[in-house]
Every structure is written in structure tokens, then in C-alpha cells.
$ cat data11.cif   # mmCIF, C-alpha atoms and all ligand atoms
data_upload
loop_
_atom_site.label_atom_id
_atom_site.label_comp_id
_atom_site.auth_asym_id
_atom_site.auth_seq_id
_atom_site.Cartn_x
_atom_site.Cartn_y
_atom_site.Cartn_z
CA MET M 1 -77.84 6.75 -55.15
CA THR M 2 -79.87 3.92 -53.67
CA ASN M 3 -81.60 1.06 -55.35
CA THR M 4 -85.11 2.00 -54.35
CA THR M 5 -86.61 0.86 -57.64
CA GLY M 6 -85.29 -2.67 -57.15
CA THR M 7 -83.81 -2.83 -60.64
CA GLY M 8 -80.11 -2.22 -60.00
CA PRO M 9 -77.76 -4.69 -58.35
CA LEU M 10 -77.84 -4.87 -54.55
CA LEU M 11 -74.15 -5.67 -54.52
CA ASP M 12 -71.93 -4.22 -57.23
CA ALA M 13 -68.26 -5.14 -56.94
CA THR M 14 -65.78 -3.83 -59.50
CA GLY M 15 -62.13 -4.73 -60.04
CA ILE M 16 -61.68 -6.49 -56.71
CA ARG M 17 -58.10 -7.49 -55.95
CA VAL M 18 -57.18 -9.27 -52.72
CA ALA M 19 -53.67 -10.34 -51.72
CA TYR M 20 -51.88 -12.07 -48.89
CA GLY M 21 -48.68 -10.04 -48.74
CA ASP M 22 -47.16 -10.36 -52.23
CA LEU M 23 -49.42 -13.26 -53.22
CA VAL M 24 -52.36 -11.92 -55.20
CA ALA M 25 -55.18 -14.45 -54.74
CA VAL M 26 -57.97 -12.51 -56.50
CA TRP M 27 -57.29 -10.36 -59.60
CA GLU M 28 -59.69 -7.59 -60.53
CA VAL M 29 -62.85 -9.62 -60.23
CA SER M 30 -66.17 -7.87 -60.87
CA LEU M 31 -69.58 -9.21 -60.03
CA ARG M 32 -73.12 -8.03 -59.44
CA LEU M 33 -75.73 -9.61 -57.22
CA HIS M 34 -79.41 -8.86 -57.74
CA ALA M 35 -82.35 -9.11 -55.35
CA GLY M 36 -84.14 -12.45 -55.61
CA SER M 37 -81.24 -14.18 -57.31
CA ILE M 38 -78.57 -16.77 -56.47
CA THR M 39 -75.17 -16.53 -58.13
CA ALA M 40 -72.97 -19.60 -57.73
CA LEU M 41 -69.23 -19.17 -57.39
CA VAL M 42 -67.36 -22.34 -58.29
CA GLY M 43 -63.75 -23.29 -58.91
CA ARG M 44 -61.16 -25.79 -57.79
CA ASN M 45 -59.44 -25.70 -54.41
CA GLY M 46 -57.30 -22.60 -54.04
CA ALA M 47 -59.00 -20.73 -56.91
CA GLY M 48 -59.71 -17.77 -54.62
CA LYS M 49 -63.41 -18.24 -53.79
CA THR M 50 -63.07 -17.74 -50.04
CA THR M 51 -60.61 -14.89 -50.52
CA LEU M 52 -63.06 -13.09 -52.83
CA ILE M 53 -65.97 -13.58 -50.41
CA ASN M 54 -63.87 -12.33 -47.52
CA GLY M 55 -62.86 -9.26 -49.54
CA LEU M 56 -66.48 -8.52 -50.40
CA CYS M 57 -67.67 -8.74 -46.79
CA GLY M 58 -64.71 -6.90 -45.30
CA LEU M 59 -62.98 -9.74 -43.47
CA LEU M 60 -59.98 -9.10 -45.74
CA PRO M 61 -58.93 -5.69 -47.09
CA VAL M 62 -59.08 -5.22 -50.86
CA LYS M 63 -55.97 -3.88 -52.61
CA ALA M 64 -58.01 -2.48 -55.48
CA GLY M 65 -61.61 -2.15 -56.53
CA THR M 66 -64.85 -0.99 -55.01
CA VAL M 67 -67.77 -2.69 -53.30
CA LEU M 68 -71.11 -0.91 -53.57
CA LEU M 69 -73.96 -2.08 -51.38
CA ASP M 70 -77.23 -0.76 -52.74
CA GLY M 71 -75.28 2.04 -54.39
CA ARG M 72 -73.29 2.96 -51.28
CA ASP M 73 -69.51 2.56 -51.27
CA VAL M 74 -68.67 0.20 -48.39
CA THR M 75 -65.15 -0.69 -49.55
CA ALA M 76 -63.46 0.98 -46.59
CA LEU M 77 -65.94 -0.19 -43.95
CA PRO M 78 -65.12 -2.97 -41.50
CA ALA M 79 -67.09 -6.21 -41.74
CA TRP M 80 -69.37 -5.43 -38.79
CA SER M 81 -70.53 -2.15 -40.32
CA ARG M 82 -71.30 -3.92 -43.57
CA VAL M 83 -73.39 -6.41 -41.57
CA ALA M 84 -75.35 -3.56 -40.06
CA LEU M 85 -75.99 -2.25 -43.59
CA GLY M 86 -77.26 -5.63 -44.81
CA LEU M 87 -74.21 -7.50 -46.15
CA THR M 88 -73.59 -10.71 -44.20
CA VAL M 89 -71.35 -13.72 -44.71
CA VAL M 90 -71.72 -17.36 -43.68
CA GLN M 91 -68.08 -18.32 -43.47
CA GLU M 92 -66.52 -21.58 -44.58
CA GLY M 93 -66.52 -24.34 -41.97
CA LYS M 94 -69.72 -24.01 -39.92
CA ARG M 95 -68.49 -21.11 -37.80
CA VAL M 96 -70.54 -20.80 -34.63
CA PHE M 97 -69.71 -19.82 -31.06
CA ARG M 98 -69.34 -23.34 -29.75
CA GLU M 99 -69.54 -22.55 -26.05
CA LEU M 100 -72.72 -20.51 -26.42
CA THR M 101 -76.22 -21.95 -26.67
CA VAL M 102 -78.13 -21.98 -29.93
CA ARG M 103 -80.27 -19.12 -28.63
CA ASP M 104 -77.29 -17.00 -27.61
CA ASN M 105 -75.65 -17.49 -31.01
CA LEU M 106 -78.84 -16.21 -32.63
CA VAL M 107 -79.03 -13.27 -30.22
CA LEU M 108 -75.52 -12.24 -31.30
CA GLY M 109 -76.77 -12.23 -34.87
CA LEU M 110 -79.77 -10.10 -33.93
CA ARG M 111 -77.49 -7.62 -32.15
CA GLY M 112 -75.13 -7.52 -35.14
CA GLY M 113 -78.07 -6.59 -37.34
CA GLY M 114 -79.23 -3.87 -34.97
CA VAL M 115 -82.49 -5.61 -34.00
CA LYS M 116 -83.97 -3.87 -30.96
CA ARG M 117 -84.08 -5.72 -27.68
CA ALA M 118 -87.87 -5.34 -27.55
CA ASP M 119 -88.19 -7.22 -30.85
CA ARG M 120 -85.78 -9.99 -29.91
CA GLU M 121 -88.23 -12.69 -28.80
CA ASP M 122 -90.43 -12.18 -31.87
CA GLU M 123 -87.42 -12.45 -34.15
CA LEU M 124 -86.20 -15.58 -32.36
CA ALA M 125 -89.65 -17.15 -32.69
CA ARG M 126 -89.54 -16.42 -36.42
CA LEU M 127 -86.12 -18.05 -36.75
CA TYR M 128 -87.27 -21.16 -34.83
CA GLU M 129 -90.29 -21.36 -37.09
CA ARG M 130 -88.06 -21.25 -40.15
CA PHE M 131 -85.59 -23.73 -38.68
CA PRO M 132 -87.58 -26.06 -36.37
CA ILE M 133 -84.46 -28.12 -35.92
CA LEU M 134 -82.91 -25.18 -34.05
CA GLY M 135 -86.03 -24.47 -32.02
CA GLU M 136 -85.84 -27.97 -30.63
CA CYS M 137 -82.28 -27.51 -29.38
CA ARG M 138 -82.34 -23.80 -28.52
CA ARG M 139 -80.90 -24.39 -25.04
CA GLN M 140 -78.07 -26.68 -26.12
CA ARG M 141 -74.47 -25.56 -26.56
CA ALA M 142 -73.57 -25.20 -30.22
CA ALA M 143 -70.62 -27.54 -29.63
CA ASP M 144 -73.07 -30.35 -28.85
CA LEU M 145 -74.93 -30.07 -32.18
CA SER M 146 -74.28 -32.25 -35.21
CA GLY M 147 -72.34 -30.75 -38.12
CA GLY M 148 -75.56 -30.28 -40.07
CA GLN M 149 -77.27 -28.55 -37.16
CA GLN M 150 -74.24 -26.28 -36.73
CA GLN M 151 -74.42 -25.28 -40.39
CA MET M 152 -78.13 -24.50 -40.02
CA LEU M 153 -77.24 -22.42 -36.95
CA ALA M 154 -74.54 -20.57 -38.90
CA ILE M 155 -77.08 -19.74 -41.63
CA ALA M 156 -79.77 -18.78 -39.10
CA THR M 157 -77.33 -16.52 -37.23
CA ALA M 158 -76.50 -14.77 -40.49
CA LEU M 159 -80.22 -14.35 -41.19
CA ALA M 160 -80.71 -12.90 -37.73
CA THR M 161 -78.68 -9.90 -38.92
CA LYS M 162 -81.44 -9.14 -41.45
CA PRO M 163 -79.25 -9.21 -44.55
CA ARG M 164 -80.25 -8.12 -48.02
CA VAL M 165 -77.09 -9.65 -49.46
CA LEU M 166 -75.89 -13.02 -48.18
CA LEU M 167 -72.50 -14.53 -49.05
CA VAL M 168 -72.38 -18.26 -48.27
CA ASP M 169 -69.11 -20.18 -48.43
CA GLU M 170 -69.49 -23.93 -49.10
CA PRO M 171 -72.49 -24.53 -46.85
CA SER M 172 -72.99 -28.13 -48.00
CA SER M 173 -69.42 -29.22 -47.37
CA GLY M 174 -69.19 -32.31 -45.19
CA LEU M 175 -72.94 -32.51 -44.54
CA ALA M 176 -75.19 -35.56 -44.67
CA PRO M 177 -77.52 -35.49 -47.72
CA VAL M 178 -80.55 -34.64 -45.59
CA PHE M 179 -78.81 -31.48 -44.38
CA VAL M 180 -77.58 -30.61 -47.86
CA ASP M 181 -81.24 -30.62 -48.93
CA LEU M 182 -82.22 -28.46 -45.95
CA VAL M 183 -79.48 -25.95 -46.72
CA PHE M 184 -80.52 -25.65 -50.37
CA GLU M 185 -84.20 -25.38 -49.44
CA ALA M 186 -83.38 -22.60 -46.99
CA LEU M 187 -81.31 -20.70 -49.57
CA SER M 188 -84.01 -21.09 -52.24
CA ALA M 189 -86.63 -19.73 -49.84
CA LEU M 190 -84.44 -16.74 -49.01
CA ARG M 191 -83.90 -16.04 -52.70
CA ASP M 192 -87.68 -16.16 -53.20
CA GLU M 193 -88.02 -13.62 -50.39
CA GLY M 194 -85.77 -11.23 -52.29
CA LEU M 195 -82.26 -11.75 -50.95
CA ALA M 196 -79.28 -11.48 -53.26
CA ILE M 197 -77.12 -14.55 -52.62
CA LEU M 198 -73.58 -15.48 -53.60
CA LEU M 199 -73.11 -19.20 -53.04
CA VAL M 200 -69.75 -20.96 -53.15
CA GLU M 201 -70.53 -24.54 -53.97
CA GLN M 202 -68.68 -27.69 -55.05
CA LEU M 203 -71.84 -29.54 -56.07
CA VAL M 204 -71.98 -28.40 -59.70
CA ASP M 205 -75.01 -30.59 -60.42
CA GLU M 206 -76.98 -28.84 -57.68
CA VAL M 207 -75.85 -25.44 -58.85
CA LEU M 208 -76.95 -26.00 -62.44
CA GLY M 209 -79.92 -28.15 -61.48
CA GLY M 210 -81.96 -25.15 -60.45
CA ILE M 211 -80.62 -23.40 -57.40
CA ALA M 212 -78.49 -20.77 -59.15
CA GLU M 213 -79.49 -18.26 -61.84
CA GLU M 214 -75.93 -17.32 -62.69
CA VAL M 215 -72.64 -19.18 -62.44
CA ILE M 216 -69.16 -17.71 -62.12
CA VAL M 217 -66.15 -19.99 -62.46
CA LEU M 218 -63.04 -18.69 -60.76
CA GLU M 219 -59.62 -19.94 -61.82
CA ARG M 220 -56.40 -18.77 -60.19
CA GLY M 221 -58.11 -15.66 -58.93
CA ARG M 222 -59.69 -14.67 -62.26
CA VAL M 223 -63.11 -15.20 -63.79
CA ALA M 224 -62.73 -18.06 -66.27
CA LEU M 225 -66.39 -18.38 -67.21
CA ARG M 226 -69.57 -16.54 -66.39
CA ASP M 227 -73.06 -17.22 -67.72
CA ARG M 228 -76.64 -17.85 -66.82
CA ALA M 229 -76.98 -21.36 -65.35
CA ALA M 230 -79.59 -22.24 -67.97
CA ASN M 231 -76.99 -21.71 -70.70
CA LEU M 232 -74.42 -24.01 -69.16
CA ALA M 233 -74.00 -27.77 -69.15
CA VAL M 234 -72.42 -29.56 -66.20
CA GLU M 235 -69.59 -30.72 -68.48
CA ASP M 236 -68.78 -27.14 -69.54
CA VAL M 237 -68.51 -25.99 -65.96
CA ALA M 238 -66.54 -29.05 -64.87
CA ALA M 239 -64.21 -28.60 -67.86
CA SER M 240 -63.67 -24.97 -66.96
CA ILE M 241 -63.04 -25.78 -63.31
CA TYR M 242 -60.53 -28.52 -64.06
CA SER M 243 -58.89 -27.11 -67.20
CA SER M 244 -55.97 -25.79 -65.19
CA LEU M 245 -55.16 -29.14 -63.58
N1 LIG L 301 -54.30 -16.89 -44.99
C1 LIG L 301 -53.66 -17.07 -46.15
N2 LIG L 301 -52.36 -16.71 -46.29
C2 LIG L 301 -51.70 -16.88 -47.47
N3 LIG L 301 -52.26 -17.43 -48.57
C3 LIG L 301 -53.54 -17.82 -48.48
C4 LIG L 301 -54.30 -17.67 -47.28
N4 LIG L 301 -55.56 -18.15 -47.50
C5 LIG L 301 -55.55 -18.58 -48.77
N5 LIG L 301 -54.36 -18.39 -49.36
C6 LIG L 301 -54.00 -18.72 -50.76
O1 LIG L 301 -54.85 -17.94 -51.59
C7 LIG L 301 -55.29 -18.71 -52.71
C8 LIG L 301 -56.81 -18.76 -52.73
O2 LIG L 301 -57.27 -19.47 -51.60
P1 LIG L 301 -58.80 -19.57 -51.20
O3 LIG L 301 -58.86 -20.16 -49.84
O4 LIG L 301 -59.43 -18.26 -51.41
O5 LIG L 301 -59.34 -20.59 -52.29
P2 LIG L 301 -60.74 -21.35 -52.38
O6 LIG L 301 -61.16 -21.23 -53.79
O7 LIG L 301 -61.66 -20.86 -51.34
O8 LIG L 301 -60.32 -22.87 -52.09
P3 LIG L 301 -61.15 -24.06 -51.38
O9 LIG L 301 -62.03 -24.66 -52.44
O10 LIG L 301 -60.08 -25.01 -50.94
O11 LIG L 301 -61.92 -23.49 -50.22
C9 LIG L 301 -54.61 -20.07 -52.57
O12 LIG L 301 -53.44 -20.04 -53.34
C10 LIG L 301 -54.32 -20.15 -51.10
O13 LIG L 301 -53.19 -20.97 -50.87
MG MG L 302 -62.64 -21.77 -49.78
#
$ encode --input "data11.cif" --output "C-alpha cells" --more "lines below"
Ligand SMILES: Nc1ncnc2c1ncn2[C@@H]1O[C@H](COP(=O)(O)OP(=O)(O)OP(=O)(O)O)[C@@H](O)[C@H]1O
Ligand SMILES: [Mg+2]
Amino acid sequence: MTNTTGTGPLLDATGIRVAYGDLVAVWEVSLRLHAGSITALVGRNGAGKTTLINGLCGLLPVKAGTVLLDGRDVTALPAWSRVALGLTVVQEGKRVFRELTVRDNLVLGLRGGGVKRADREDELARLYERFPILGECRRQRAADLSGGQQQMLAIATALATKPRVLLVDEPSSGLAPVFVDLVFEALSALRDEGLAILLVEQLVDEVLGGIAEEVIVLERGRVALRDRAANLAVEDVAASIYSSL
């Protein structure tokens, strides 16, 4: 059963539970991500956003539930096989290989996505075109980039894997406003190109101000609120996020 008609969800997660030993951090959460759509995942610190994302992409095992990627059950697959099938994560905290150059980070992404060696230079050129800021520093070590440049590199490396579903954990965190804008522009463009995106984001104004179609508020590992962004006011979402304080 594959989603060849483009109508079903690209990612369909049902009853996802993730625990650290006896501590259950995510309780039976279900969500669907559709092509050409951004779903925002919000919630206070410790609500379980990162844990859920890591369960979906296979960095953490799920204790219950199923993850379908384009109709295929990937729940038991390791993270790298999910990447090869089109499910990629941009982890919290600007994760890049600091000792490698910008180019070599991107090449790792291309390899993770199964891009053939013969196509590598073309794909790199496309990534530099999309992110000129990375093209300019392609020979620099990632460690020598600014925080904003590292976040762009983390996103570009994820894109290099050719995902259809992208999970992005707090990409704007700690960035200068100019980079926050670049990150949101990049994610909007990817949505317009048909990716299904799950975006963890603290900037509720940005989330409701146009970038996300749907919003899910997580509270103590459970869905506290879920609606189309157009139906929600910033105060409703903020109230839901902070109601448990
Ligand atoms: N490696 C871990 N071992 C044990 N408990 C953990 C671990 N990582 C997270 N937790 C706990 O799981 C719960 C959910 O944490 P998680 O990091 O998923 O929240 P979050 O919503 O991403 O928070 P933040 O907004 O701070 O990033 C918290 O109670 C946290 O303390
Ligand atoms: Mg987190």
C-alpha cells in the first residue's frame, strides 16, 4: 500500500509511546504528516517533543505504536534505513560534523540518501544554489561556521538525503533574527516543493503567523491540543502550553 495518489499521509504514526527506562515521556501520540504541509509541534520544556521526534525517526525505540512511511511499516527499522526511505531528522542543537568541511558534511548526507557518486557534484551544486551561504564557505570546517551557518548546514545535510518527510527540532533556537528568517524561508520553500514537515518550534507567533498548517500542542507526553493553525489564536496556544505550569 503506497501513497501513489498523493492523497494519504506520507507519515502516519499511531499510538506512539517512548520511554527512558520506566519513565514514559511520550504516551500514545498519533499524528499524520501530509505532502506539502508543515505541522508545528509545540509545548513547554520537557513536554516530550524531542523524544517524539526521535521515536518517529528511529533514534529512540518505541515501546508501542506504529510508524508508517508512505504506507510502509518502518517501526522496526533503524534510523539510517528510514533515511534511505525518505524520513530524515534535523536534530536539536545544530548537529554537524564539526571537524569535517561543509562539503564533506553534505557528501555524508548524499551518501545517507543513496545518491550515486556520479550525481554528487550536480547535487552539491543544487544545494549551494539553494543555500548560497554554504557555497561560499564550502571548504571551511563546520566548527568554524557561525551558529546560524551551522544550522543551515544541518538543514542542507538533511536535504541532501532527499527526504520526503523532514522532522526538524527547534531549528530557530539561539539564532540571530536574520538566520531565523532564512530557516523559515527554507522550510516554506521545501513545503511548497511537496515535503511533509514536522517542525518543533518555540516561536508560537511564527508558527501561527503562516508557516504551519496544523499545530499540535504536547503536554507531559500527551496531545493537549490539535487544530489547523488558522483556527487558533496565539493566546489559545500559549494558554495550552503553559496551563500545566
Ligand atoms: N536521555 C534521557 N534520559 C532520561 N529522561 C530523559 C532523557 N531525555 C529526555 N528525558 C525526559 O523526557 C521528558 C521529555 O523530554 P524531551 O527532551 O523530549 O522534551 P522537549 O519537549 O523536547 O523539551 P525541550 O523544549 O526542553 O527541548 C522530560 O521529562 C525529560 O526530562
Ligand atoms: Mg527538545
$ closest_residue --input "data11.cif" --among "M:Asn231, M:Ser188, M:Gln140, M:Thr50" --to "ligand MG 302 (chain L)" --atoms "only C-alpha atoms and all ligand atoms"
M:Thr50
$ atom_distance --input "data11.cif" --atom1 "atom CA of M:Lys116" --atom2 "atom CA of M:Thr161"
11.3 Å
$ residues_around --input "data11.cif" --residues "M:Val215" --least-positions-apart "3" --cutoff "12 Å" --atoms "all atoms listed in the file" --output "MDAnalysis selection string"
chainID M and resid 31:33 37:43 197:202 204:212 218 223:234 236:238 240:241
$ residues_near_ligand --input "data11.cif" --ligand "ligand LIG 301 (chain L)" --cutoff "9 Å" --atoms "only C-alpha atoms and all ligand atoms" --output "VMD selection string"
chain M and resid 19 to 21 23 to 26 42 to 54 92 169 to 170 200 to 202 218 to 221
$ closest_residue --input "data11.cif" --among "M:Val74, M:Val168, M:Val183, M:Leu85" --to "ligand MG 302 (chain L)" --atoms "all atoms listed in the file"
M:Val168
$ atom_distance --input "data11.cif" --atom1 "atom CA of M:Val62" --atom2 "atom CA of M:Leu110"
27.2 Å
$ residues_around --input "data11.cif" --residues "M:Arg141" --least-positions-apart "6" --cutoff "12 Å" --atoms "all atoms listed in the file" --output "ChimeraX atom specification"
/M:96-106,134,149-150,153
$ residues_around --input "data11.cif" --residues "M:Pro9" --least-positions-apart "5" --cutoff "10 Å" --atoms "all atoms listed in the file" --output "MDAnalysis selection string"
chainID M and resid 3 31:35 68:71 196
$ atom_distance --input "data11.cif" --atom1 "atom CA of M:Ala84" --atom2 "atom CA of M:Pro163"
8.2 Å
$ closest_residue --input "data11.cif" --among "M:Gly148, M:Asp192, M:Val115, M:Gly93" --to "ligand MG 302 (chain L)" --atoms "only C-alpha atoms and all ligand atoms"
M:Gly93
$ decode --input "data11.cif" --residues "stretch 33-46 of chain M" --atoms "all heavy atoms" --output "PDB file, in the first residue's frame"
ATOM      1  N   LEU M  33       1.384  13.322   8.788  1.00  0.00           N
ATOM      2  CA  LEU M  33       2.012  14.414   8.049  1.00  0.00           C
ATOM      3  C   LEU M  33       1.723  14.227   6.567  1.00  0.00           C
ATOM      4  O   LEU M  33       1.924  13.130   6.031  1.00  0.00           O
ATOM      5  CB  LEU M  33       3.526  14.421   8.279  1.00  0.00           C
ATOM      6  CG  LEU M  33       3.996  14.495   9.734  1.00  0.00           C
ATOM      7  CD1 LEU M  33       5.523  14.459   9.786  1.00  0.00           C
ATOM      8  CD2 LEU M  33       3.465  15.735  10.435  1.00  0.00           C
ATOM      9  N   HIS M  34       1.257  15.292   5.933  1.00  0.00           N
ATOM     10  CA  HIS M  34       0.890  15.226   4.521  1.00  0.00           C
ATOM     11  C   HIS M  34       1.908  15.965   3.648  1.00  0.00           C
ATOM     12  O   HIS M  34       2.525  16.942   4.086  1.00  0.00           O
ATOM     13  CB  HIS M  34      -0.499  15.834   4.306  1.00  0.00           C
ATOM     14  CG  HIS M  34      -1.593  15.006   4.916  1.00  0.00           C
ATOM     15  ND1 HIS M  34      -1.984  15.169   6.221  1.00  0.00           N
ATOM     16  CD2 HIS M  34      -2.343  14.003   4.406  1.00  0.00           C
ATOM     17  CE1 HIS M  34      -2.951  14.296   6.491  1.00  0.00           C
ATOM     18  NE2 HIS M  34      -3.183  13.573   5.408  1.00  0.00           N
ATOM     19  N   ALA M  35       2.013  15.518   2.415  1.00  0.00           N
ATOM     20  CA  ALA M  35       2.896  16.173   1.444  1.00  0.00           C
ATOM     21  C   ALA M  35       2.488  17.634   1.308  1.00  0.00           C
ATOM     22  O   ALA M  35       1.299  17.962   1.293  1.00  0.00           O
ATOM     23  CB  ALA M  35       2.786  15.475   0.097  1.00  0.00           C
ATOM     24  N   GLY M  36       3.491  18.522   1.226  1.00  0.00           N
ATOM     25  CA  GLY M  36       3.201  19.939   1.016  1.00  0.00           C
ATOM     26  C   GLY M  36       2.579  20.618   2.214  1.00  0.00           C
ATOM     27  O   GLY M  36       1.799  21.553   2.066  1.00  0.00           O
ATOM     28  N   SER M  37       2.938  20.144   3.411  1.00  0.00           N
ATOM     29  CA  SER M  37       2.306  20.685   4.610  1.00  0.00           C
ATOM     30  C   SER M  37       3.294  20.716   5.780  1.00  0.00           C
ATOM     31  O   SER M  37       4.106  19.803   5.940  1.00  0.00           O
ATOM     32  CB  SER M  37       1.098  19.818   4.952  1.00  0.00           C
ATOM     33  OG  SER M  37       0.488  20.276   6.120  1.00  0.00           O
ATOM     34  N   ILE M  38       3.208  21.792   6.583  1.00  0.00           N
ATOM     35  CA  ILE M  38       4.034  21.881   7.794  1.00  0.00           C
ATOM     36  C   ILE M  38       3.133  21.737   9.016  1.00  0.00           C
ATOM     37  O   ILE M  38       2.142  22.455   9.153  1.00  0.00           O
ATOM     38  CB  ILE M  38       4.797  23.224   7.870  1.00  0.00           C
ATOM     39  CG1 ILE M  38       5.774  23.347   6.702  1.00  0.00           C
ATOM     40  CG2 ILE M  38       5.526  23.350   9.207  1.00  0.00           C
ATOM     41  CD1 ILE M  38       6.572  24.652   6.689  1.00  0.00           C
ATOM     42  N   THR M  39       3.473  20.795   9.870  1.00  0.00           N
ATOM     43  CA  THR M  39       2.786  20.634  11.151  1.00  0.00           C
ATOM     44  C   THR M  39       3.753  21.105  12.231  1.00  0.00           C
ATOM     45  O   THR M  39       4.901  20.646  12.283  1.00  0.00           O
ATOM     46  CB  THR M  39       2.420  19.163  11.397  1.00  0.00           C
ATOM     47  OG1 THR M  39       1.551  18.734  10.348  1.00  0.00           O
ATOM     48  CG2 THR M  39       1.729  18.986  12.743  1.00  0.00           C
ATOM     49  N   ALA M  40       3.286  22.024  13.072  1.00  0.00           N
ATOM     50  CA  ALA M  40       4.137  22.519  14.156  1.00  0.00           C
ATOM     51  C   ALA M  40       3.858  21.717  15.413  1.00  0.00           C
ATOM     52  O   ALA M  40       2.700  21.422  15.733  1.00  0.00           O
ATOM     53  CB  ALA M  40       3.869  23.989  14.405  1.00  0.00           C
ATOM     54  N   LEU M  41       4.933  21.358  16.105  1.00  0.00           N
ATOM     55  CA  LEU M  41       4.824  20.639  17.371  1.00  0.00           C
ATOM     56  C   LEU M  41       5.361  21.581  18.444  1.00  0.00           C
ATOM     57  O   LEU M  41       6.547  21.939  18.415  1.00  0.00           O
ATOM     58  CB  LEU M  41       5.664  19.360  17.289  1.00  0.00           C
ATOM     59  CG  LEU M  41       5.672  18.424  18.484  1.00  0.00           C
ATOM     60  CD1 LEU M  41       4.281  17.872  18.774  1.00  0.00           C
ATOM     61  CD2 LEU M  41       6.644  17.270  18.234  1.00  0.00           C
ATOM     62  N   VAL M  42       4.483  22.013  19.341  1.00  0.00           N
ATOM     63  CA  VAL M  42       4.904  22.960  20.364  1.00  0.00           C
ATOM     64  C   VAL M  42       4.598  22.385  21.749  1.00  0.00           C
ATOM     65  O   VAL M  42       3.858  21.406  21.878  1.00  0.00           O
ATOM     66  CB  VAL M  42       4.227  24.347  20.183  1.00  0.00           C
ATOM     67  CG1 VAL M  42       4.584  24.958  18.846  1.00  0.00           C
ATOM     68  CG2 VAL M  42       2.715  24.244  20.318  1.00  0.00           C
ATOM     69  N   GLY M  43       5.162  23.025  22.756  1.00  0.00           N
ATOM     70  CA  GLY M  43       4.963  22.555  24.126  1.00  0.00           C
ATOM     71  C   GLY M  43       6.124  23.029  24.970  1.00  0.00           C
ATOM     72  O   GLY M  43       7.208  23.286  24.455  1.00  0.00           O
ATOM     73  N   ARG M  44       5.886  23.109  26.272  1.00  0.00           N
ATOM     74  CA  ARG M  44       6.925  23.644  27.154  1.00  0.00           C
ATOM     75  C   ARG M  44       8.121  22.689  27.238  1.00  0.00           C
ATOM     76  O   ARG M  44       8.047  21.551  26.775  1.00  0.00           O
ATOM     77  CB  ARG M  44       6.345  23.938  28.530  1.00  0.00           C
ATOM     78  CG  ARG M  44       5.681  22.739  29.172  1.00  0.00           C
ATOM     79  CD  ARG M  44       5.069  23.116  30.494  1.00  0.00           C
ATOM     80  NE  ARG M  44       6.099  23.359  31.477  1.00  0.00           N
ATOM     81  CZ  ARG M  44       6.042  22.941  32.746  1.00  0.00           C
ATOM     82  NH1 ARG M  44       4.983  22.288  33.188  1.00  0.00           N
ATOM     83  NH2 ARG M  44       7.011  23.194  33.582  1.00  0.00           N
ATOM     84  N   ASN M  45       9.185  23.161  27.873  1.00  0.00           N
ATOM     85  CA  ASN M  45      10.384  22.333  28.026  1.00  0.00           C
ATOM     86  C   ASN M  45      10.027  21.032  28.743  1.00  0.00           C
ATOM     87  O   ASN M  45       9.310  21.058  29.742  1.00  0.00           O
ATOM     88  CB  ASN M  45      11.447  23.065  28.854  1.00  0.00           C
ATOM     89  CG  ASN M  45      12.002  24.277  28.131  1.00  0.00           C
ATOM     90  OD1 ASN M  45      11.848  24.402  26.918  1.00  0.00           O
ATOM     91  ND2 ASN M  45      12.626  25.170  28.865  1.00  0.00           N
ATOM     92  N   GLY M  46      10.524  19.932  28.208  1.00  0.00           N
ATOM     93  CA  GLY M  46      10.282  18.642  28.840  1.00  0.00           C
ATOM     94  C   GLY M  46       8.955  18.005  28.475  1.00  0.00           C
ATOM     95  O   GLY M  46       8.610  16.935  28.988  1.00  0.00           O
TER      96      GLY M  46
END
